[in-house]
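The data block below is upload_32.cif; it holds mmCIF, C-alpha atoms.
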data_coords
loop_
_atom_site.label_atom_id
_atom_site.label_comp_id
_atom_site.auth_asym_id
_atom_site.auth_seq_id
_atom_site.Cartn_x
_atom_site.Cartn_y
_atom_site.Cartn_z
CA MET V 1 0.00 0.00 0.00
CA ILE V 2 1.36 3.39 -0.98
CA ASN V 3 1.19 6.15 1.59
CA SER V 4 -0.78 8.87 -0.16
CA SER V 5 -0.02 11.56 2.43
CA VAL V 6 3.75 11.69 2.04
CA ASN V 7 3.70 15.13 0.44
CA SER V 8 0.68 16.51 2.32
CA ASP V 9 0.54 18.68 5.40
CA PHE V 10 -0.79 17.28 8.65
CA ILE V 11 -3.50 19.16 10.52
CA LEU V 12 -2.73 19.43 14.23
CA VAL V 13 -6.17 19.74 15.78
CA GLY V 14 -4.66 20.47 19.19
CA PHE V 15 -6.91 22.72 21.26
CA SER V 16 -8.85 24.21 18.32
CA ASP V 17 -12.07 22.77 19.72
CA GLN V 18 -11.61 25.18 22.66
CA PRO V 19 -10.76 28.55 21.03
CA GLU V 20 -11.28 30.49 24.26
CA LEU V 21 -8.63 28.30 25.90
CA GLU V 22 -6.10 28.82 23.10
CA ARG V 23 -5.43 32.46 24.05
CA THR V 24 -4.72 31.56 27.66
CA LEU V 25 -2.58 28.59 26.66
CA PHE V 26 -0.54 30.75 24.29
CA ILE V 27 0.46 33.13 27.09
CA VAL V 28 1.10 30.38 29.64
CA ILE V 29 3.13 28.23 27.22
CA LEU V 30 5.15 31.22 25.96
CA ILE V 31 6.09 32.22 29.51
CA SER V 32 6.89 28.60 30.41
CA TYR V 33 9.07 28.21 27.32
CA LEU V 34 11.05 31.36 28.08
CA LEU V 35 11.54 30.22 31.69
CA THR V 36 12.68 26.80 30.39
CA LEU V 37 15.29 28.39 28.14
CA VAL V 38 16.57 30.78 30.79
CA GLY V 39 16.51 28.36 33.74
CA ASN V 40 18.15 25.43 31.99
CA THR V 41 20.73 27.63 30.27
CA ILE V 42 21.72 29.05 33.66
CA ILE V 43 22.17 25.54 35.07
CA ILE V 44 24.34 24.53 32.10
CA LEU V 45 26.48 27.65 32.44
CA ILE V 46 27.05 27.57 36.20
CA SER V 47 27.70 23.80 36.13
CA SER V 48 30.31 24.36 33.44
CA ILE V 49 32.16 27.30 34.99
CA ASP V 50 31.86 26.83 38.76
CA PRO V 51 34.68 24.58 40.10
CA LYS V 52 32.56 23.44 43.05
CA LEU V 53 29.97 21.96 40.70
CA LYS V 54 32.44 19.74 38.83
CA THR V 55 30.79 16.59 40.20
CA PRO V 56 28.94 13.67 38.56
CA MET V 57 25.58 14.97 39.83
CA TYR V 58 25.95 18.28 37.99
CA PHE V 59 27.48 16.58 34.96
CA PHE V 60 24.26 14.61 34.54
CA LEU V 61 22.15 17.65 35.46
CA THR V 62 23.81 19.54 32.60
CA HIS V 63 22.76 16.78 30.21
CA LEU V 64 19.22 16.86 31.62
CA SER V 65 19.01 20.62 31.11
CA LEU V 66 20.27 20.26 27.53
CA VAL V 67 17.65 17.57 26.87
CA ASP V 68 14.89 19.78 28.30
CA ILE V 69 15.91 22.78 26.16
CA CYS V 70 16.01 20.72 22.96
CA PHE V 71 12.87 18.75 23.83
CA THR V 72 10.69 21.81 24.35
CA THR V 73 12.22 23.60 21.35
CA SER V 74 11.22 20.68 19.11
CA ILE V 75 7.57 21.12 20.13
CA VAL V 76 6.73 24.54 21.58
CA PRO V 77 7.49 26.93 18.64
CA GLN V 78 5.16 24.97 16.36
CA LEU V 79 2.57 24.79 19.14
CA LEU V 80 2.70 28.56 19.70
CA TRP V 81 2.37 29.17 15.96
CA ASN V 82 -0.71 26.97 15.77
CA LEU V 83 -2.26 28.51 18.89
CA LYS V 84 -1.80 32.05 17.59
CA GLY V 85 -2.73 31.70 13.92
CA PRO V 86 -5.68 30.20 12.09
CA ALA V 87 -3.49 27.60 10.35
CA LYS V 88 -3.07 24.39 12.35
CA THR V 89 -0.83 22.60 9.88
CA ILE V 90 2.64 21.08 9.92
CA THR V 91 4.44 19.76 6.86
CA ALA V 92 5.11 16.04 6.48
CA VAL V 93 8.85 16.68 6.78
CA GLY V 94 8.33 18.91 9.80
CA CYS V 95 6.16 16.26 11.43
CA ALA V 96 8.79 13.57 10.81
CA VAL V 97 11.56 15.76 12.26
CA GLN V 98 9.44 16.61 15.28
CA LEU V 99 8.59 12.94 15.81
CA TYR V 100 12.23 11.78 15.68
CA VAL V 101 13.66 14.63 17.75
CA SER V 102 11.02 14.62 20.50
CA LEU V 103 11.08 10.82 20.73
CA THR V 104 14.88 10.80 20.94
CA LEU V 105 14.98 13.39 23.70
CA GLY V 106 12.05 11.97 25.67
CA SER V 107 13.62 8.49 25.61
CA THR V 108 17.01 9.93 26.57
CA GLU V 109 15.48 11.69 29.58
CA CYS V 110 13.95 8.42 30.81
CA ILE V 111 17.35 6.71 30.86
CA LEU V 112 19.12 9.80 32.19
CA LEU V 113 16.82 10.03 35.21
CA ALA V 114 17.65 6.40 36.04
CA VAL V 115 21.38 7.17 35.72
CA MET V 116 20.97 10.14 38.07
CA ALA V 117 19.21 7.87 40.59
CA PHE V 118 22.19 5.49 40.47
CA ASP V 119 24.48 8.46 41.09
CA ARG V 120 22.44 9.42 44.17
CA TYR V 121 22.57 5.79 45.36
CA ALA V 122 26.38 5.79 45.08
CA ALA V 123 26.61 9.15 46.88
CA VAL V 124 24.43 8.11 49.85
CA CYS V 125 25.10 4.35 50.16
CA LYS V 126 28.76 4.24 49.05
CA PRO V 127 30.15 7.63 50.19
CA LEU V 128 33.69 6.37 50.79
CA HIS V 129 33.89 4.83 47.32
CA TYR V 130 31.82 7.45 45.51
CA VAL V 131 34.71 9.13 43.71
CA ALA V 132 36.10 5.78 42.57
CA VAL V 133 32.71 4.42 41.49
CA MET V 134 31.45 7.52 39.68
CA ASN V 135 34.69 8.21 37.83
CA PRO V 136 34.72 10.50 34.77
CA GLN V 137 34.96 7.57 32.34
CA LEU V 138 31.86 5.89 33.79
CA CYS V 139 29.93 9.17 33.84
CA ARG V 140 30.66 9.81 30.17
CA ALA V 141 29.76 6.21 29.32
CA LEU V 142 26.42 6.41 31.17
CA ALA V 143 25.57 9.73 29.51
CA GLY V 144 26.49 8.24 26.14
CA ILE V 145 24.30 5.18 26.75
CA SER V 146 21.38 7.48 27.57
CA TRP V 147 21.74 9.39 24.30
CA ILE V 148 22.36 6.28 22.17
CA SER V 149 19.33 4.52 23.70
CA GLY V 150 17.15 7.53 22.91
CA ILE V 151 18.39 7.75 19.31
CA GLY V 152 17.97 4.00 18.78
CA ASN V 153 14.42 3.98 20.12
CA ALA V 154 13.47 6.97 17.95
CA LEU V 155 14.91 5.41 14.79
CA ILE V 156 12.96 2.19 15.35
CA GLN V 157 9.63 3.52 16.63
CA GLY V 158 9.65 6.65 14.50
CA THR V 159 10.43 4.84 11.26
CA VAL V 160 7.84 2.11 11.86
CA THR V 161 5.21 4.75 12.68
CA LEU V 162 5.93 6.90 9.63
CA TRP V 163 5.78 3.89 7.29
CA LEU V 164 2.24 3.03 8.34
CA PRO V 165 -0.22 3.64 5.44
CA ARG V 166 -2.60 6.47 6.33
CA CYS V 167 -4.78 6.51 3.21
CA GLY V 168 -5.03 10.29 3.24
CA HIS V 169 -5.85 10.62 6.94
CA LEU V 170 -4.19 13.88 7.97
CA TRP V 171 -6.18 15.07 11.00
CA LEU V 172 -3.93 14.53 14.02
CA HIS V 173 -5.88 14.97 17.25
CA HIS V 174 -2.90 16.28 19.14
CA PHE V 175 -0.75 19.40 19.30
CA PHE V 176 2.44 17.69 18.07
CA CYS V 177 3.52 14.58 16.18
CA GLU V 178 3.76 11.83 18.78
CA VAL V 179 3.75 8.05 18.28
CA PRO V 180 0.49 7.17 20.14
CA SER V 181 -1.51 9.73 18.15
CA MET V 182 0.31 9.08 14.84
CA ILE V 183 -0.44 5.35 14.74
CA LYS V 184 -4.16 6.12 15.10
CA LEU V 185 -4.08 7.66 11.61
CA ALA V 186 -3.24 4.31 10.05
CA CYS V 187 -5.85 2.65 7.84
CA VAL V 188 -4.61 -0.87 8.65
CA ASP V 189 -4.67 -3.05 11.76
CA ILE V 190 -2.35 -1.39 14.27
CA HIS V 191 -2.46 -4.08 16.97
CA ALA V 192 1.17 -5.07 16.27
CA ASN V 193 2.23 -1.41 16.52
CA GLU V 194 0.41 -1.00 19.82
CA VAL V 195 2.18 -4.10 21.15
CA GLN V 196 5.51 -2.69 19.96
CA LEU V 197 4.73 0.64 21.64
CA PHE V 198 3.82 -1.15 24.86
CA VAL V 199 7.04 -3.22 24.82
CA ALA V 200 9.15 -0.13 24.11
CA SER V 201 7.38 1.66 26.97
CA LEU V 202 8.18 -1.23 29.30
CA VAL V 203 11.86 -1.03 28.37
CA LEU V 204 12.27 2.76 28.32
CA LEU V 205 9.73 3.76 30.96
CA LEU V 206 9.03 1.01 33.47
CA LEU V 207 12.53 -0.53 33.49
CA PRO V 208 14.27 2.80 34.28
CA LEU V 209 11.49 3.54 36.79
CA ALA V 210 12.13 0.16 38.45
CA LEU V 211 15.85 0.98 38.64
CA ILE V 212 15.03 4.37 40.15
CA LEU V 213 12.73 2.84 42.77
CA THR V 214 15.34 0.18 43.58
CA SER V 215 18.03 2.83 44.02
CA TYR V 216 15.83 4.88 46.31
CA GLY V 217 14.83 1.76 48.22
CA HIS V 218 18.50 1.21 49.09
CA ILE V 219 18.86 4.93 49.85
CA ALA V 220 15.86 4.78 52.20
CA LYS V 221 17.41 1.83 54.07
CA ALA V 222 20.69 3.72 54.41
CA VAL V 223 18.97 6.92 55.57
CA VAL V 224 16.95 5.06 58.24
CA LYS V 225 20.22 3.91 59.81
CA ILE V 226 21.53 7.47 60.02
CA LYS V 227 21.21 8.90 63.53
CA SER V 228 22.53 12.39 62.80
CA ALA V 229 19.84 14.98 62.03
CA GLN V 230 22.30 16.92 59.87
CA ALA V 231 23.09 13.79 57.82
CA TRP V 232 19.34 13.17 57.44
CA ARG V 233 18.81 16.67 56.04
CA ARG V 234 21.79 16.34 53.72
CA ALA V 235 20.57 13.01 52.35
CA LEU V 236 17.07 14.39 51.79
CA SER V 237 18.36 17.54 50.10
CA THR V 238 20.61 15.40 47.90
CA CYS V 239 17.78 13.17 46.69
CA GLY V 240 14.67 15.33 47.17
CA SER V 241 15.08 17.39 43.99
CA HIS V 242 15.63 14.35 41.82
CA LEU V 243 12.64 12.54 43.34
CA MET V 244 10.38 15.49 42.55
CA VAL V 245 11.58 15.61 38.93
CA VAL V 246 11.10 11.84 38.54
CA SER V 247 7.57 12.04 39.98
CA LEU V 248 6.54 14.88 37.66
CA PHE V 249 8.00 13.34 34.50
CA TYR V 250 7.08 9.68 34.98
CA GLY V 251 3.72 10.42 36.54
CA SER V 252 2.54 12.14 33.37
CA ILE V 253 4.31 10.30 30.56
CA THR V 254 3.37 6.77 31.71
CA ALA V 255 -0.33 7.66 31.44
CA ILE V 256 0.13 8.24 27.70
CA TYR V 257 2.56 5.51 26.68
CA ILE V 258 1.57 2.56 28.88
CA GLN V 259 -2.16 2.71 28.07
CA PRO V 260 -2.53 4.91 24.95
CA ASN V 261 -6.04 3.59 24.23
CA SER V 262 -7.46 4.09 27.72
CA SER V 263 -10.42 6.44 28.06
CA TYR V 264 -8.41 8.64 30.43
CA ALA V 265 -5.52 9.03 27.95
CA HIS V 266 -7.98 9.71 25.12
CA THR V 267 -9.90 12.38 27.07
CA HIS V 268 -7.05 14.10 28.89
CA GLY V 269 -4.13 13.05 26.66
CA LYS V 270 -3.40 16.50 25.23
CA PHE V 271 -3.28 18.10 28.68
CA ILE V 272 -1.12 15.30 30.09
CA SER V 273 1.28 15.67 27.15
CA LEU V 274 1.30 19.42 27.71
CA PHE V 275 2.48 18.79 31.25
CA TYR V 276 5.53 16.64 30.44
CA THR V 277 6.47 18.55 27.27
CA VAL V 278 6.09 22.10 28.58
CA MET V 279 5.58 22.30 32.34
CA THR V 280 8.10 19.69 33.56
CA PRO V 281 11.09 21.21 31.68
CA THR V 282 10.08 24.58 33.18
CA LEU V 283 9.86 23.23 36.72
CA ASN V 284 13.09 21.20 36.61
CA PRO V 285 15.54 24.15 36.95
CA LEU V 286 13.29 25.77 39.59
CA ILE V 287 13.27 22.55 41.62
CA TYR V 288 17.03 22.08 41.39
CA THR V 289 17.84 25.72 42.21
CA LEU V 290 15.26 26.44 44.92
CA ARG V 291 15.93 23.20 46.83
CA ASN V 292 19.69 23.02 46.29
CA LYS V 293 22.08 25.10 48.37
CA GLU V 294 25.03 24.30 46.08
CA VAL V 295 23.27 25.68 43.00
CA LYS V 296 22.06 28.76 44.89
CA GLY V 297 25.59 29.28 46.18
CA ALA V 298 26.99 28.96 42.66
CA LEU V 299 24.46 31.49 41.40
CA GLY V 300 25.49 33.88 44.16
CA ARG V 301 29.16 33.45 43.31
CA ALA V 302 28.47 33.91 39.60
CA LEU V 303 27.02 37.34 40.34
CA THR V 304 30.23 38.56 42.03
CA LYS V 305 33.17 40.11 40.23
CA GLU V 306 35.66 38.05 42.25
CA PHE V 307 34.27 34.82 40.80
CA TRP V 308 34.85 35.92 37.21
CA VAL V 309 38.38 37.09 38.05
CA LYS V 310 39.19 33.64 39.50
CA THR V 311 37.74 31.75 36.54
CA ARG V 312 39.84 33.62 33.99
#
Would you put the structure from the file into structure tokens?
Amino acid sequence: MINSSVNSDFILVGFSDQPELERTLFIVILISYLLTLVGNTIIILISSIDPKLKTPMYFFLTHLSLVDICFTTSIVPQLLWNLKGPAKTITAVGCAVQLYVSLTLGSTECILLAVMAFDRYAAVCKPLHYVAVMNPQLCRALAGISWISGIGNALIQGTVTLWLPRCGHLWLHHFFCEVPSMIKLACVDIHANEVQLFVASLVLLLLPLALILTSYGHIAKAVVKIKSAQAWRRALSTCGSHLMVVSLFYGSITAIYIQPNSSYAHTHGKFISLFYTVMTPTLNPLIYTLRNKEVKGALGRALTKEFWVKTR
């Protein structure tokens, strides 16, 4: 079967059925996007230039901030354009690029959050061996695995999804090109694709989540044995920010990818996707800066002239 919509534009229905909501969403999403760019750029800069932040935790946090910037940039500009103007279209090439890029970065973030949980486990449960365990070579390897896993998943899932025959179906009931909504345009039996999506979700969502929960299970056991109140607070501050980010990201994205055909995902899917594509990348730098004394200290130092003299 020949795909007749290869050279046609897709229509992103998005929130067009609620025109009064589009104006409010445009303002909220624009502000969130600007905060995402500013907040994550600041984290990347201070983690790169401040000597006290040259640790594995901030190495991975830099990668997370880069993922968030690129992830939102692959989705939000097109979303803002569609919210503001009467046209709700995206070209076939633009849709394919958006699908591959967003899928790559979303998958990378899933693995990266698990890697960051392992880093916190090593910091709390193996403090005497932390430097030896989380050596620069291992950190680079783990970051590389995260990116390669994301790219590999996008190449497989994205290509299979785009090759599905759509028979001229171009109305995408979503605000961006995402696998669960794209496969619904197919004019053939998509049961095999849904099974593939479910298996991929198990590997890239539930497996990293299981590793995260296992890491924090060991951390909880170690923290319970700590009798010092100061050590308690330090352990909680070390892991609290990451736990909040994990809860926000996984809590929303699993609802879409684990059960894409559920009535809840169908009814609230666009708003759930809006949360993990727009709101979570905005909240991440706020969570890490407001709850982290090291980042706030680095920001304070970055604003002093003495800091810039020392870094030259």
Exercise: Thr24 in chain V partners within 12 Å, only C-alpha atoms, chain neighbours under 4 positions left out, as a list in words:
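My reading of the contact set: Phe15, Gln18, Pro19, Glu20, Val28, Ile29, Leu30, Ile31, Leu80, Leu83 and Lys84 of chain V.
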Residues selected by the PyMOL selection byres ((chain V and resi 190-203) around 8), written as a list of chain:residue names:
V:Asn153, V:Gln157, V:Thr161, V:Pro180, V:Ile183, V:Lys184, V:Ala186, V:Val188, V:Asp189, V:Leu204, V:Leu205, V:Leu206, V:Leu207, V:Pro208, V:Tyr257, V:Ile258, V:Gln259
For Asp17 in chain V, the nearest of the candidates V:Tyr100, V:Phe175, V:Tyr33, V:Phe59, counting all atoms listed in the file
V:Phe175
Any idea what's packed within 12 Å of Leu283 in chain V, counting only C-alpha atoms, ignoring anything in its chain fewer than 3 positions away? Could you give it as a PyMOL selection string?
chain V and resi 32-40+65+68+241-242+244-249+275-280+286-291
Report as a ChimeraX atom specification all protein, DNA and RNA residues lying within 10 Å of Leu45 in chain V, evaluated on all atoms listed in the file, omitting residues in the same chain fewer than 6 positions from it.
/V:62,299,302
For the selection just defined, write its residues with C-alpha atoms to a file, as a tab-separated table (two decimals), in the coordinates of the input.
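Done, and the output landed in result-v2.tsv:
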chain	number	residue	atom	x	y	z
V	62	THR	CA	23.81	19.54	32.60
V	299	LEU	CA	24.46	31.49	41.40
V	302	ALA	CA	28.47	33.91	39.60
